Amino acid sequence: MPAIAEPIARVVLALSKLPGIGPKSAQRLAYHLLDCPDAEIEELAGALQNLKGGLALCSICFNVTESNPCTICADTQRDASLLCVVERPSDIPPVERTGRFHGYYHVLHGSLNPARGIGPDELKIRELLPRLRNGAVTEVILATNPTVEGEATAMYVRQLISPLGIRVTRLARG
């Protein structure tokens, strides 16, 4: 890569740390931003600086939210008998877009990965069990990712839930 000015190189480096953005895409984005009007750059910078400030975790499902409880947990029209367990807050919008699921969620904030030191205590697994003991939930849908870690997490959660007599299902794949 030819030498580029230090401010551009810093932006390229920062952007390339984002998931799905490689060095070439990061460089393209940096040069695009360089061509943007100052007002757009300031708007983007402000949005990034304020990203975490107005957000918290829902005390019920652990989704990222502006209010507590989140809008999903506060919706009394949802089906309290269904609980969908996902790895990350970013897994909820795709499920919601289907328009087929009308239950509640529980966000684990990751998946089991012993090689990286992520065990059950690093996830929101312990917080799941009290939600299941009140008898309202009759089915838990495990919507973890189809990776080795996601499958291991699903198996672990299934083993924890099975003694409670709650039906445990997995999302279909293929």
# chains A, B, ... in the order shown; residues from 1 in each chain; ligands from 1

call {"tool": "residues_around", "arguments": {"residues": "Ile161 (chain A)", "least_positions_apart": "2", "cutoff": "12 Å", "atoms": "only C-alpha atoms", "output": "ChimeraX atom specification"}}
result
/A:83,85,125-126,128-133,137-142,154-159,163-169

call {"tool": "select_by_dssp", "arguments": {"residues": "chain A", "states": "strand (DSSP E)", "output": "PyMOL selection string"}}
result
chain A and resi 56-57+64-65+82-86+104-107+139-142+167-170

call {"tool": "atom_distance", "arguments": {"atom1": "CA of Leu48 (chain A)", "atom2": "CA of Glu87 (chain A)"}}
result
23.5 Å

call {"tool": "closest_residue", "arguments": {"among": "A:Pro69, A:Gly103, A:Pro120, A:Pro146", "to": "Leu82 (chain A)", "atoms": "only C-alpha atoms"}}
result
A:Gly103

call {"tool": "atom_distance", "arguments": {"atom1": "CA of Arg173 (chain A)", "atom2": "CA of Pro93 (chain A)"}}
result
18.0 Å

call {"tool": "residues_around", "arguments": {"residues": "Cys73 (chain A)", "least_positions_apart": "5", "cutoff": "9 Å", "atoms": "only C-alpha atoms", "output": "list of chain:residue names"}}
result
A:Cys58, A:Ile60, A:Cys61, A:Asn68, A:Arg78, A:Tyr104, A:Tyr105
